[in-house]
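Asker: Once you've had a glance at the structure underneath, I'll fire off some questions.
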Amino acid sequence: MKQKQKSISYAKWGYLFILPFFVSFFIFSLIPLADTVRYSFFEYYRSGIKEIGPNFIGMENYLSLLKSDMLKYAGNTMMLWIVGFIPQIVIALLLASWFVDARLKIRGTQFFKVIIYLPNLIMASAFAMLFFTMFSTNGPINSILMSIGLISQPIDFLGTVYGTRSLVGLMNFLMWFGNTTIMLMAAIMGISPDIFEASELDGCNSMQRFFRITLPLIRPILAYTLITSIIGGLQMFDVPQILTNGQGSPDRTSMTLIMFLNSHLKSKNYGMAGALSVYLFIVSGILCFVVYRMTNNEDPDGSKAAAKKARKKAGREGRR
């Protein structure tokens with residue numbers, strides 16, 4: 001009789017290796033998240049040396065936030081994100097298409113990849129301090145413009161709404177367009193060269209090839225880029241915080257939602273901070289879901305839509 005061979009399972013080792021992650025996530029993420037949601041329903045703040053609460057007040061914190069300037073700060077956050085993201089995605093798509101196009105024969109692509117990615121390695125705080133120094137009233141940018149005769153008086157870049165928002169958008173663009181370019185290059189390089197060769201044989205020009213082939217085939221990476229950018233935009237804090245010294249100047253037009261949240265944390269108002277965190281979580285989830293539904297095409301070749309249209313037509317003819 002043949003002896004049965006004992007099967008050896010290594011599954012337990014896999015569970016053992018991923019256990020530290022789940023333990024860390026449970027301790028440092030899940031428990032604080034649950035506490036944040038719990039505190040959002042309580043009156044819990046500090047007035048001087050006296051601590052008030054926690055007293056259960058239901059939805060009062062959420063209603064108070066709606067009556068505050070939260071919606072204004074949400075508009076500021078969205079505006080600052082748009083100013084930085086639109087140039088970022090346009091330039092990244094353009095550079096990615098150029099770098100992977102073998103017909104252009106661009107030399108030194110590795111060097112350019114390193115150069116455009118370098119700003120991503122600089123801390124946002126250091127970047128903000130650099131721009132604060134460069135674009136201040138007595139900074140080198142004003143000195144250069146005055147020395148060459150373009151302006152007669154220094155420009156107060158940080159004293160105007162457009163100037164401050166433009167600087168925040170420019171910094172976000174410079175810090176992240178290199179990372180976006182690298183990801184889009186990887187996505188385009190994953191497309192089979194046979195598709196591009198077939199399009200050339202069919203007489204497609206560069207614009208048709210980009211909009212009809214490249215963009216639809218890199219849609220998953222575009223969705224990922226857009227979702228992560230939205231989440232990062234809602235969490236925008238360090239650049240406007242340092243650039244405006246935490247004031248959101250001028251006239252709080254560059255105050256973001258996380259800066260507003262930070263002001264509640266500094267005043268020890270944990271109930272309002274928790275409610276605002278829940279609002280941010282809900283808005284992030286809704287926006288990410290909308291982006292996913294807009295960019296996720298489950299019927300790329302149109303076969304499902306054609307079949308559905310044919311069934312509707314057959315149903316109408318059957319009723320006749």
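Residues are named by chain letter and number: chains run A, B, ... in the order of the structure tokens, numbers start at 1 in each chain, and ligands are numbered from 1 in the order shown.
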For Leu170 (chain A), list every protein, DNA or RNA residue within 10 Å, evaluated using only C-alpha atoms, and leave out those in the same chain fewer than 6 positions away; present the list as number ranges by chain.

Answerer: A: 80, 83-85, 87-88, 131, 164

Asker: I'd like the neighbourhood of Met255 (chain A) as a PDB file with C-alpha atoms, in the first residue's frame, where a residue qualifies if any of its atoms comes within 10 Å (using only C-alpha atoms), though same-chain residues fewer than 4 positions away should be ignored.

Answerer:
```pdb
ATOM      1  CA  MET A  70     -16.508  75.710   6.863  1.00  0.00           C
ATOM      2  CA  LYS A  72     -15.974  78.998   2.605  1.00  0.00           C
ATOM      3  CA  TYR A  73     -12.837  77.102   3.599  1.00  0.00           C
ATOM      4  CA  ALA A  74     -14.014  74.138   1.529  1.00  0.00           C
ATOM      5  CA  GLY A  75     -14.255  76.457  -1.472  1.00  0.00           C
ATOM      6  CA  ASN A  76     -10.735  77.756  -0.738  1.00  0.00           C
ATOM      7  CA  THR A  77      -9.422  74.192  -0.570  1.00  0.00           C
ATOM      8  CA  LEU A  80      -6.186  75.807  -4.371  1.00  0.00           C
ATOM      9  CA  MET A 236      -3.662  70.373   2.063  1.00  0.00           C
ATOM     10  CA  PHE A 237      -2.081  71.961   5.102  1.00  0.00           C
ATOM     11  CA  PRO A 240      -0.530  77.342   2.928  1.00  0.00           C
ATOM     12  CA  GLN A 241       0.091  77.056   6.683  1.00  0.00           C
ATOM     13  CA  THR A 244       0.597  82.477   5.333  1.00  0.00           C
ATOM     14  CA  GLY A 246      -1.220  79.939   9.709  1.00  0.00           C
ATOM     15  CA  GLN A 247      -3.501  82.926   9.098  1.00  0.00           C
ATOM     16  CA  GLY A 248      -4.844  81.975   5.659  1.00  0.00           C
ATOM     17  CA  SER A 249      -4.199  85.544   4.537  1.00  0.00           C
ATOM     18  CA  PRO A 250      -5.275  87.662   2.867  1.00  0.00           C
ATOM     19  CA  ASP A 251      -8.684  87.751   4.577  1.00  0.00           C
ATOM     20  CA  MET A 259      -5.980  74.478   8.710  1.00  0.00           C
ATOM     21  CA  PHE A 260      -9.485  75.041  10.100  1.00  0.00           C
TER      22      PHE A 260
END
```

Asker: Using only C-alpha atoms, which protein or nucleic acid residues come within 12 Å of Val90 (chain A)? Drop anything in the same chain fewer than 6 positions from it, and give the result as a ChimeraX atom specification.

Answerer: /A:83-84,96-97,173,177-178,180-181,184,222

Asker: Per residue of region 190-276 of chain A within 8 Å of region 118-128 of chain A, which atom pair is closest and at what distance in Å (one decimal), using only C-alpha atoms, listed by chain and increasing number, as a Markdown table?

Answerer:
```
| residue | atom | partner | partner_atom | distance |
| --- | --- | --- | --- | --- |
| A:Asp238 | CA | A:Ser125 | CA | 6.2 |
| A:Val239 | CA | A:Ala128 | CA | 5.4 |
| A:Pro240 | CA | A:Ala128 | CA | 7.8 |
| A:Ile242 | CA | A:Ala128 | CA | 6.1 |
| A:Leu243 | CA | A:Ala128 | CA | 5.7 |
```

Asker: Quick one: DSSP helix (DSSP H, G or I) residues in region 80-184 of chain A, as a short mmCIF file (atom, residue, chain, number, x, y, z; two decimals) with N, CA, C and O atoms, in the first residue's frame?

Answerer:
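So part_1.cif came out as:
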```cif
data_model
loop_
_atom_site.label_atom_id
_atom_site.label_comp_id
_atom_site.auth_asym_id
_atom_site.auth_seq_id
_atom_site.Cartn_x
_atom_site.Cartn_y
_atom_site.Cartn_z
N LEU A 80 -7.63 76.04 -4.43
CA LEU A 80 -6.19 75.81 -4.37
C LEU A 80 -5.81 74.48 -5.04
O LEU A 80 -4.76 74.38 -5.69
N TRP A 81 -6.65 73.47 -4.88
CA TRP A 81 -6.38 72.18 -5.51
C TRP A 81 -6.47 72.28 -7.03
O TRP A 81 -5.61 71.75 -7.74
N ILE A 82 -7.49 72.96 -7.53
CA ILE A 82 -7.67 73.09 -8.98
C ILE A 82 -6.51 73.85 -9.61
O ILE A 82 -6.00 73.47 -10.67
N VAL A 83 -6.06 74.93 -8.95
CA VAL A 83 -4.96 75.75 -9.48
C VAL A 83 -3.69 74.92 -9.63
O VAL A 83 -2.91 75.12 -10.57
N GLY A 84 -3.48 73.97 -8.72
CA GLY A 84 -2.27 73.15 -8.80
C GLY A 84 -2.43 71.90 -9.62
O GLY A 84 -1.48 71.45 -10.28
N PHE A 85 -3.65 71.30 -9.63
CA PHE A 85 -3.80 69.99 -10.27
C PHE A 85 -3.94 70.08 -11.78
O PHE A 85 -3.37 69.24 -12.50
N ILE A 86 -4.67 71.05 -12.29
CA ILE A 86 -4.88 71.12 -13.75
C ILE A 86 -3.56 71.27 -14.51
O ILE A 86 -3.29 70.50 -15.44
N PRO A 87 -2.68 72.21 -14.14
CA PRO A 87 -1.38 72.24 -14.82
C PRO A 87 -0.57 70.97 -14.59
O PRO A 87 0.15 70.52 -15.49
N GLN A 88 -0.71 70.38 -13.41
CA GLN A 88 0.04 69.16 -13.10
C GLN A 88 -0.32 68.02 -14.05
O GLN A 88 0.57 67.39 -14.63
N ILE A 89 -1.60 67.75 -14.23
CA ILE A 89 -2.01 66.61 -15.05
C ILE A 89 -1.75 66.89 -16.53
O ILE A 89 -1.36 65.98 -17.29
N VAL A 90 -1.91 68.15 -16.97
CA VAL A 90 -1.67 68.49 -18.38
C VAL A 90 -0.18 68.34 -18.71
O VAL A 90 0.19 67.68 -19.70
N ILE A 91 0.69 68.93 -17.91
CA ILE A 91 2.14 68.85 -18.15
C ILE A 91 2.63 67.42 -18.01
O ILE A 91 3.48 66.95 -18.78
N ALA A 92 2.10 66.69 -17.03
CA ALA A 92 2.52 65.30 -16.83
C ALA A 92 2.15 64.43 -18.02
O ALA A 92 2.95 63.60 -18.47
N LEU A 93 0.94 64.61 -18.55
CA LEU A 93 0.53 63.84 -19.73
C LEU A 93 1.41 64.19 -20.93
O LEU A 93 1.81 63.31 -21.71
N LEU A 94 1.69 65.47 -21.09
CA LEU A 94 2.52 65.92 -22.23
C LEU A 94 3.93 65.34 -22.13
O LEU A 94 4.46 64.77 -23.10
N LEU A 95 4.55 65.45 -20.96
CA LEU A 95 5.91 64.94 -20.79
C LEU A 95 5.96 63.42 -20.90
O LEU A 95 6.89 62.87 -21.50
N ALA A 96 4.97 62.74 -20.34
CA ALA A 96 4.95 61.28 -20.42
C ALA A 96 4.84 60.82 -21.86
O ALA A 96 5.51 59.86 -22.28
N SER A 97 4.01 61.49 -22.65
CA SER A 97 3.86 61.12 -24.06
C SER A 97 5.15 61.38 -24.83
O SER A 97 5.53 60.58 -25.70
N TRP A 98 5.83 62.46 -24.52
CA TRP A 98 7.08 62.76 -25.21
C TRP A 98 8.18 61.76 -24.86
O TRP A 98 8.89 61.27 -25.73
N PHE A 99 8.31 61.47 -23.58
CA PHE A 99 9.42 60.62 -23.14
C PHE A 99 9.31 59.18 -23.63
O PHE A 99 10.33 58.51 -23.84
N VAL A 100 8.10 58.69 -23.83
CA VAL A 100 7.94 57.29 -24.25
C VAL A 100 7.79 57.16 -25.77
O VAL A 100 7.71 56.04 -26.28
N THR A 109 16.80 60.92 -21.33
CA THR A 109 15.51 60.83 -20.66
C THR A 109 15.67 60.49 -19.18
O THR A 109 14.90 60.97 -18.34
N GLN A 110 16.65 59.65 -18.85
CA GLN A 110 16.87 59.30 -17.44
C GLN A 110 17.24 60.53 -16.62
O GLN A 110 16.79 60.69 -15.48
N PHE A 111 18.05 61.39 -17.20
CA PHE A 111 18.44 62.63 -16.52
C PHE A 111 17.22 63.51 -16.27
O PHE A 111 17.03 64.05 -15.17
N PHE A 112 16.37 63.66 -17.29
CA PHE A 112 15.18 64.49 -17.14
C PHE A 112 14.21 63.90 -16.12
O PHE A 112 13.54 64.63 -15.39
N LYS A 113 14.11 62.57 -16.06
CA LYS A 113 13.24 61.94 -15.07
C LYS A 113 13.70 62.28 -13.66
O LYS A 113 12.89 62.58 -12.78
N VAL A 114 15.01 62.23 -13.45
CA VAL A 114 15.55 62.55 -12.12
C VAL A 114 15.28 64.01 -11.78
O VAL A 114 14.88 64.34 -10.65
N ILE A 115 15.48 64.89 -12.74
CA ILE A 115 15.31 66.33 -12.50
C ILE A 115 13.87 66.66 -12.14
O ILE A 115 13.60 67.41 -11.18
N ILE A 116 12.91 66.11 -12.91
CA ILE A 116 11.51 66.46 -12.64
C ILE A 116 10.98 65.79 -11.37
O ILE A 116 9.99 66.24 -10.80
N TYR A 117 11.67 64.74 -10.91
CA TYR A 117 11.22 64.07 -9.69
C TYR A 117 11.85 64.67 -8.43
O TYR A 117 11.33 64.47 -7.34
N LEU A 118 12.94 65.40 -8.59
CA LEU A 118 13.66 65.94 -7.43
C LEU A 118 12.79 66.80 -6.51
O LEU A 118 12.90 66.68 -5.27
N PRO A 119 11.92 67.71 -7.03
CA PRO A 119 11.09 68.51 -6.11
C PRO A 119 10.22 67.66 -5.19
O PRO A 119 9.87 68.10 -4.09
N ASN A 120 9.86 66.45 -5.64
CA ASN A 120 9.03 65.58 -4.82
C ASN A 120 9.78 65.09 -3.57
O ASN A 120 9.14 64.68 -2.60
N LEU A 121 11.11 65.15 -3.62
CA LEU A 121 11.91 64.69 -2.49
C LEU A 121 12.12 65.78 -1.44
O LEU A 121 12.58 65.49 -0.33
N ALA A 124 7.76 69.63 2.08
CA ALA A 124 6.85 70.73 1.74
C ALA A 124 7.13 71.96 2.59
O ALA A 124 7.00 73.10 2.12
N SER A 125 7.51 71.76 3.84
CA SER A 125 7.81 72.90 4.71
C SER A 125 9.02 73.68 4.19
O SER A 125 9.01 74.92 4.18
N ALA A 126 10.05 72.95 3.75
CA ALA A 126 11.23 73.63 3.19
C ALA A 126 10.87 74.34 1.89
O ALA A 126 11.35 75.46 1.63
N PHE A 127 10.04 73.72 1.09
CA PHE A 127 9.60 74.32 -0.17
C PHE A 127 8.83 75.62 0.10
O PHE A 127 9.02 76.63 -0.58
N ALA A 128 7.93 75.57 1.09
CA ALA A 128 7.13 76.75 1.42
C ALA A 128 8.01 77.88 1.95
O ALA A 128 7.80 79.05 1.61
N MET A 129 8.99 77.54 2.79
CA MET A 129 9.89 78.57 3.30
C MET A 129 10.71 79.19 2.18
O MET A 129 10.97 80.40 2.16
N LEU A 130 11.13 78.37 1.20
CA LEU A 130 11.88 78.87 0.06
C LEU A 130 11.05 79.88 -0.74
O LEU A 130 11.53 80.98 -1.08
N PHE A 131 9.79 79.52 -1.02
CA PHE A 131 8.93 80.42 -1.80
C PHE A 131 8.57 81.67 -1.00
O PHE A 131 8.43 82.76 -1.56
N PHE A 132 8.40 81.50 0.33
CA PHE A 132 8.11 82.66 1.17
C PHE A 132 9.25 83.67 1.11
O PHE A 132 9.02 84.89 1.03
N THR A 133 10.48 83.17 1.11
CA THR A 133 11.64 84.05 1.04
C THR A 133 11.79 84.67 -0.35
O THR A 133 12.08 85.87 -0.50
N MET A 134 11.59 83.86 -1.39
CA MET A 134 11.79 84.34 -2.75
C MET A 134 10.76 85.38 -3.16
O MET A 134 11.09 86.36 -3.85
N PRO A 140 14.24 88.07 -3.57
CA PRO A 140 15.02 88.15 -4.81
C PRO A 140 14.17 88.32 -6.06
O PRO A 140 14.63 88.92 -7.03
N ILE A 141 12.94 87.79 -6.06
CA ILE A 141 12.10 87.93 -7.27
C ILE A 141 11.79 89.40 -7.51
O ILE A 141 11.92 89.91 -8.65
N ASN A 142 11.36 90.13 -6.49
CA ASN A 142 11.09 91.55 -6.65
C ASN A 142 12.36 92.32 -6.99
O ASN A 142 12.34 93.27 -7.80
N SER A 143 13.48 91.93 -6.38
CA SER A 143 14.75 92.62 -6.67
C SER A 143 15.15 92.45 -8.13
O SER A 143 15.58 93.41 -8.79
N ILE A 144 14.97 91.25 -8.68
CA ILE A 144 15.32 90.99 -10.08
C ILE A 144 14.41 91.78 -11.01
O ILE A 144 14.86 92.41 -11.99
N LEU A 145 13.10 91.75 -10.72
CA LEU A 145 12.15 92.46 -11.58
C LEU A 145 12.40 93.97 -11.56
O LEU A 145 12.27 94.64 -12.59
N MET A 146 12.76 94.50 -10.41
CA MET A 146 13.05 95.95 -10.33
C MET A 146 14.37 96.29 -10.99
O MET A 146 14.50 97.35 -11.62
N SER A 147 15.36 95.40 -10.90
CA SER A 147 16.67 95.69 -11.48
C SER A 147 16.63 95.70 -13.01
O SER A 147 17.39 96.45 -13.64
N PHE A 157 3.21 89.85 -3.42
CA PHE A 157 2.62 88.59 -3.88
C PHE A 157 1.74 87.95 -2.80
O PHE A 157 0.67 87.42 -3.10
N LEU A 158 2.19 88.01 -1.55
CA LEU A 158 1.47 87.35 -0.46
C LEU A 158 0.37 88.23 0.12
O LEU A 158 -0.32 87.79 1.05
N GLY A 159 0.20 89.44 -0.41
CA GLY A 159 -0.84 90.34 0.09
C GLY A 159 -2.08 90.36 -0.77
O GLY A 159 -3.03 91.07 -0.46
N VAL A 161 -5.06 88.01 -3.11
CA VAL A 161 -5.71 86.69 -3.18
C VAL A 161 -5.11 85.87 -4.33
O VAL A 161 -4.74 84.71 -4.15
N TYR A 162 -5.02 86.50 -5.51
CA TYR A 162 -4.52 85.76 -6.68
C TYR A 162 -3.05 85.39 -6.50
O TYR A 162 -2.62 84.31 -6.91
N GLY A 163 -2.27 86.28 -5.90
CA GLY A 163 -0.86 85.99 -5.71
C GLY A 163 -0.64 84.82 -4.76
O GLY A 163 0.15 83.91 -5.06
N THR A 164 -1.33 84.83 -3.63
CA THR A 164 -1.16 83.75 -2.66
C THR A 164 -1.64 82.42 -3.22
O THR A 164 -0.95 81.40 -3.10
N ARG A 165 -2.82 82.42 -3.83
CA ARG A 165 -3.35 81.17 -4.38
C ARG A 165 -2.47 80.66 -5.53
O ARG A 165 -2.28 79.44 -5.67
N SER A 166 -1.95 81.58 -6.31
CA SER A 166 -1.07 81.15 -7.42
C SER A 166 0.21 80.52 -6.89
O SER A 166 0.68 79.52 -7.43
N LEU A 167 0.77 81.10 -5.82
CA LEU A 167 1.99 80.53 -5.25
C LEU A 167 1.74 79.15 -4.65
O LEU A 167 2.56 78.24 -4.81
N VAL A 168 0.61 78.97 -3.97
CA VAL A 168 0.27 77.66 -3.40
C VAL A 168 0.08 76.64 -4.52
O VAL A 168 0.59 75.51 -4.46
N GLY A 169 -0.64 77.04 -5.57
CA GLY A 169 -0.83 76.14 -6.70
C GLY A 169 0.47 75.81 -7.41
O GLY A 169 0.70 74.66 -7.82
N LEU A 170 1.36 76.81 -7.55
CA LEU A 170 2.65 76.58 -8.20
C LEU A 170 3.50 75.60 -7.39
O LEU A 170 4.15 74.71 -7.96
N MET A 171 3.50 75.75 -6.08
CA MET A 171 4.28 74.83 -5.25
C MET A 171 3.74 73.40 -5.32
O MET A 171 4.50 72.45 -5.43
N ASN A 172 2.42 73.25 -5.25
CA ASN A 172 1.85 71.91 -5.36
C ASN A 172 2.13 71.29 -6.73
O ASN A 172 2.38 70.09 -6.84
N PHE A 173 2.10 72.13 -7.77
CA PHE A 173 2.43 71.65 -9.11
C PHE A 173 3.87 71.17 -9.19
O PHE A 173 4.15 70.06 -9.67
N LEU A 174 4.80 71.98 -8.70
CA LEU A 174 6.22 71.62 -8.78
C LEU A 174 6.55 70.38 -7.96
O LEU A 174 7.42 69.58 -8.35
N MET A 175 5.86 70.21 -6.82
CA MET A 175 6.18 69.08 -5.95
C MET A 175 5.66 67.76 -6.49
O MET A 175 6.24 66.70 -6.22
N TRP A 176 4.57 67.79 -7.26
CA TRP A 176 3.90 66.52 -7.59
C TRP A 176 3.86 66.17 -9.07
O TRP A 176 3.52 65.05 -9.41
N PHE A 177 4.18 67.11 -9.97
CA PHE A 177 4.04 66.77 -11.39
C PHE A 177 5.06 65.72 -11.81
O PHE A 177 4.81 64.93 -12.72
N GLY A 178 6.24 65.68 -11.17
CA GLY A 178 7.24 64.67 -11.51
C GLY A 178 6.77 63.28 -11.15
O GLY A 178 6.93 62.34 -11.94
N ASN A 179 6.18 63.12 -9.97
CA ASN A 179 5.64 61.82 -9.56
C ASN A 179 4.53 61.38 -10.50
O ASN A 179 4.48 60.20 -10.90
N THR A 180 3.65 62.31 -10.89
CA THR A 180 2.57 61.98 -11.81
C THR A 180 3.11 61.60 -13.18
O THR A 180 2.62 60.67 -13.82
N THR A 181 4.15 62.30 -13.63
CA THR A 181 4.76 61.98 -14.93
C THR A 181 5.33 60.57 -14.94
O THR A 181 5.14 59.82 -15.92
N ILE A 182 6.03 60.18 -13.89
CA ILE A 182 6.61 58.84 -13.82
C ILE A 182 5.52 57.77 -13.88
O ILE A 182 5.66 56.75 -14.58
N MET A 183 4.44 57.97 -13.15
CA MET A 183 3.35 56.99 -13.15
C MET A 183 2.69 56.89 -14.52
O MET A 183 2.39 55.79 -15.00
N LEU A 184 2.45 58.04 -15.16
CA LEU A 184 1.82 58.01 -16.47
C LEU A 184 2.75 57.41 -17.52
O LEU A 184 2.29 56.74 -18.45
#
```

Asker: Which value, in Å to one decimal, gives the distance between CA of Ile151 (chain A) and CA of Asn245 (chain A)?

Answerer: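 Taking CA of Ile151 (chain A) and CA of Asn245 (chain A), their separation equals 26.7 Å.
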
Asker: Which is closest to Met294 (chain A) among A:Ala275, A:Leu226, A:Ile188, A:Leu234, if we use only C-alpha atoms?

Answerer: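 Result for the nearest residue to Met294 (chain A): A:Leu226.
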
Asker: For CA of His264 (chain A) and CA of Phe289 (chain A), quote the distance in Å rounded to one decimal.

Answerer: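 Spanning CA of His264 (chain A) to CA of Phe289 (chain A) is a straight-line distance of 28.4 Å.
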
Asker: For a test of reading the model, state the distance in Å between CA of Leu63 (chain A) and CA of Ser29 (chain A), rounded to one decimal.

Answerer: 26.3 Å

Asker: From a backbone DSSP assignment, name each residue in region 30-65 of chain A labelled strand (DSSP E), as a list in words.

Answerer: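 Of region 30-65 of chain A, only Phe42, Glu43, Tyr44, Tyr45, Arg46, Ser47, Lys50, Glu51, Ile52, Gly53, Pro54, Asn55 and Phe56 of chain A fall in strand (DSSP E).
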
Asker: Keeping N, CA and C atoms for every residue in the selection just given, could you write it to a file as a short mmCIF file (atom, residue, chain, number, x, y, z; two decimals), in the first residue's frame?

Answerer:
```cif
data_model
loop_
_atom_site.label_atom_id
_atom_site.label_comp_id
_atom_site.auth_asym_id
_atom_site.auth_seq_id
_atom_site.Cartn_x
_atom_site.Cartn_y
_atom_site.Cartn_z
N PHE A 42 -19.89 64.73 21.01
CA PHE A 42 -19.77 65.21 22.38
C PHE A 42 -19.30 66.66 22.41
N GLU A 43 -19.72 67.37 23.45
CA GLU A 43 -19.16 68.69 23.76
C GLU A 43 -17.92 68.46 24.60
N TYR A 44 -16.77 68.75 24.00
CA TYR A 44 -15.52 68.42 24.68
C TYR A 44 -14.48 69.46 24.28
N TYR A 45 -14.25 70.43 25.15
CA TYR A 45 -13.27 71.47 24.85
C TYR A 45 -12.70 72.00 26.15
N ARG A 46 -11.69 72.84 26.04
CA ARG A 46 -11.03 73.42 27.20
C ARG A 46 -11.20 74.93 27.16
N SER A 47 -11.65 75.48 28.28
CA SER A 47 -11.81 76.93 28.42
C SER A 47 -10.89 77.40 29.52
N LYS A 50 -10.03 75.17 32.60
CA LYS A 50 -11.19 74.33 32.88
C LYS A 50 -11.53 73.48 31.67
N GLU A 51 -11.72 72.21 31.88
CA GLU A 51 -12.07 71.29 30.80
C GLU A 51 -13.55 71.00 30.84
N ILE A 52 -14.25 71.27 29.72
CA ILE A 52 -15.68 71.06 29.61
C ILE A 52 -15.94 69.74 28.91
N GLY A 53 -16.74 68.89 29.54
CA GLY A 53 -17.13 67.64 28.90
C GLY A 53 -16.19 66.50 29.24
N PRO A 54 -16.37 65.39 28.52
CA PRO A 54 -17.26 65.23 27.37
C PRO A 54 -18.72 65.06 27.76
N ASN A 55 -19.59 65.88 27.14
CA ASN A 55 -21.03 65.83 27.33
C ASN A 55 -21.69 65.51 26.00
N PHE A 56 -22.54 64.51 25.97
CA PHE A 56 -23.19 64.11 24.72
C PHE A 56 -24.16 65.19 24.26
#
```

Asker: Go through A:Leu16, A:Ile57, A:Ala11, A:Ile27 one by one, measure the shortest atom-to-atom distance of each to Gly271 (chain A) using only C-alpha atoms, and give the residue with the smallest value.

Answerer: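 Residue with the minimum atom-to-atom distance to Gly271 (chain A): A:Ile57.
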
Asker: Would you please work out which residue, of A:Ser284, A:Thr36, A:Thr295, A:Ser192, is nearest to Ser229 (chain A) when using only C-alpha atoms?

Answerer: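 Ranked by minimum distance to Ser229 (chain A), first place goes to A:Ser284.
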
Asker: With only C-alpha atoms as the counted atoms, please give the residues lying no more than 12 Å from region 195-203 of chain A, apart from itself and same-chain residues fewer than 2 positions off, as a list of chain:residue names.

Answerer: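 Once the nearby chain positions are removed, what remains is A:Asp101, A:Ala102, A:Arg103, A:Ile188, A:Met189, A:Gly190, A:Ile191, A:Ser192, A:Pro193, A:Asn205, A:Ser206, A:Met207, A:Gln208, A:Arg209, A:Phe210, A:Arg212, A:Ile213, A:Thr214, A:Leu217.
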
Asker: Okay, now the selection with N, CA, C and O atoms, as an mmCIF file, in the first residue's frame?

Answerer:
```cif
data_model
loop_
_atom_site.group_PDB
_atom_site.id
_atom_site.type_symbol
_atom_site.label_atom_id
_atom_site.label_comp_id
_atom_site.auth_asym_id
_atom_site.auth_seq_id
_atom_site.Cartn_x
_atom_site.Cartn_y
_atom_site.Cartn_z
ATOM 1 N N ASP A 101 7.747 58.284 -26.474
ATOM 2 C CA ASP A 101 7.609 58.242 -27.930
ATOM 3 C C ASP A 101 8.979 57.987 -28.555
ATOM 4 O O ASP A 101 9.859 58.856 -28.541
ATOM 5 N N ALA A 102 9.158 56.797 -29.101
ATOM 6 C CA ALA A 102 10.460 56.427 -29.668
ATOM 7 C C ALA A 102 10.795 57.240 -30.914
ATOM 8 O O ALA A 102 11.969 57.402 -31.258
ATOM 9 N N ARG A 103 9.781 57.769 -31.584
ATOM 10 C CA ARG A 103 10.033 58.520 -32.817
ATOM 11 C C ARG A 103 10.719 59.857 -32.556
ATOM 12 O O ARG A 103 11.413 60.392 -33.411
ATOM 13 N N ILE A 188 1.771 54.298 -19.934
ATOM 14 C CA ILE A 188 1.850 54.325 -21.399
ATOM 15 C C ILE A 188 2.790 53.231 -21.919
ATOM 16 O O ILE A 188 2.531 52.602 -22.949
ATOM 17 N N MET A 189 3.890 52.997 -21.193
ATOM 18 C CA MET A 189 4.821 51.952 -21.606
ATOM 19 C C MET A 189 4.201 50.559 -21.493
ATOM 20 O O MET A 189 4.687 49.610 -22.114
ATOM 21 N N GLY A 190 3.134 50.428 -20.707
ATOM 22 C CA GLY A 190 2.448 49.148 -20.597
ATOM 23 C C GLY A 190 1.523 48.844 -21.750
ATOM 24 O O GLY A 190 0.997 47.715 -21.855
ATOM 25 N N ILE A 191 1.289 49.827 -22.619
ATOM 26 C CA ILE A 191 0.450 49.600 -23.800
ATOM 27 C C ILE A 191 1.259 48.861 -24.853
ATOM 28 O O ILE A 191 2.416 49.188 -25.113
ATOM 29 N N SER A 192 0.650 47.884 -25.475
ATOM 30 C CA SER A 192 1.355 47.093 -26.486
ATOM 31 C C SER A 192 1.760 47.971 -27.676
ATOM 32 O O SER A 192 0.925 48.718 -28.217
ATOM 33 N N PRO A 193 3.023 47.906 -28.115
ATOM 34 C CA PRO A 193 3.450 48.693 -29.283
ATOM 35 C C PRO A 193 2.704 48.327 -30.555
ATOM 36 O O PRO A 193 2.615 49.143 -31.478
ATOM 37 N N ASN A 205 -3.163 60.227 -36.857
ATOM 38 C CA ASN A 205 -2.137 61.217 -36.537
ATOM 39 C C ASN A 205 -1.868 61.203 -35.027
ATOM 40 O O ASN A 205 -2.466 60.428 -34.279
ATOM 41 N N SER A 206 -0.991 62.078 -34.587
ATOM 42 C CA SER A 206 -0.577 62.074 -33.184
ATOM 43 C C SER A 206 -1.728 62.398 -32.237
ATOM 44 O O SER A 206 -1.868 61.780 -31.175
ATOM 45 N N MET A 207 -2.569 63.362 -32.616
ATOM 46 C CA MET A 207 -3.684 63.739 -31.752
ATOM 47 C C MET A 207 -4.701 62.609 -31.643
ATOM 48 O O MET A 207 -5.197 62.312 -30.547
ATOM 49 N N GLN A 208 -5.019 61.989 -32.756
ATOM 50 C CA GLN A 208 -5.968 60.873 -32.724
ATOM 51 C C GLN A 208 -5.419 59.709 -31.913
ATOM 52 O O GLN A 208 -6.150 59.070 -31.150
ATOM 53 N N ARG A 209 -4.125 59.441 -32.051
ATOM 54 C CA ARG A 209 -3.511 58.340 -31.306
ATOM 55 C C ARG A 209 -3.537 58.627 -29.801
ATOM 56 O O ARG A 209 -3.763 57.722 -28.991
ATOM 57 N N PHE A 210 -3.338 59.891 -29.438
ATOM 58 C CA PHE A 210 -3.314 60.238 -28.012
ATOM 59 C C PHE A 210 -4.715 60.144 -27.397
ATOM 60 O O PHE A 210 -4.886 59.553 -26.324
ATOM 61 N N ARG A 212 -7.580 58.760 -28.761
ATOM 62 C CA ARG A 212 -8.372 57.559 -29.057
ATOM 63 C C ARG A 212 -7.736 56.280 -28.518
ATOM 64 O O ARG A 212 -8.436 55.282 -28.315
ATOM 65 N N ILE A 213 -6.411 56.312 -28.286
ATOM 66 C CA ILE A 213 -5.728 55.083 -27.855
ATOM 67 C C ILE A 213 -5.094 55.259 -26.467
ATOM 68 O O ILE A 213 -5.391 54.511 -25.538
ATOM 69 N N THR A 214 -4.211 56.266 -26.356
ATOM 70 C CA THR A 214 -3.440 56.399 -25.120
ATOM 71 C C THR A 214 -4.331 56.694 -23.918
ATOM 72 O O THR A 214 -4.277 55.989 -22.893
ATOM 73 N N LEU A 217 -6.639 53.804 -22.685
ATOM 74 C CA LEU A 217 -5.938 52.636 -22.161
ATOM 75 C C LEU A 217 -5.218 52.918 -20.839
ATOM 76 O O LEU A 217 -4.879 51.971 -20.114
#
```
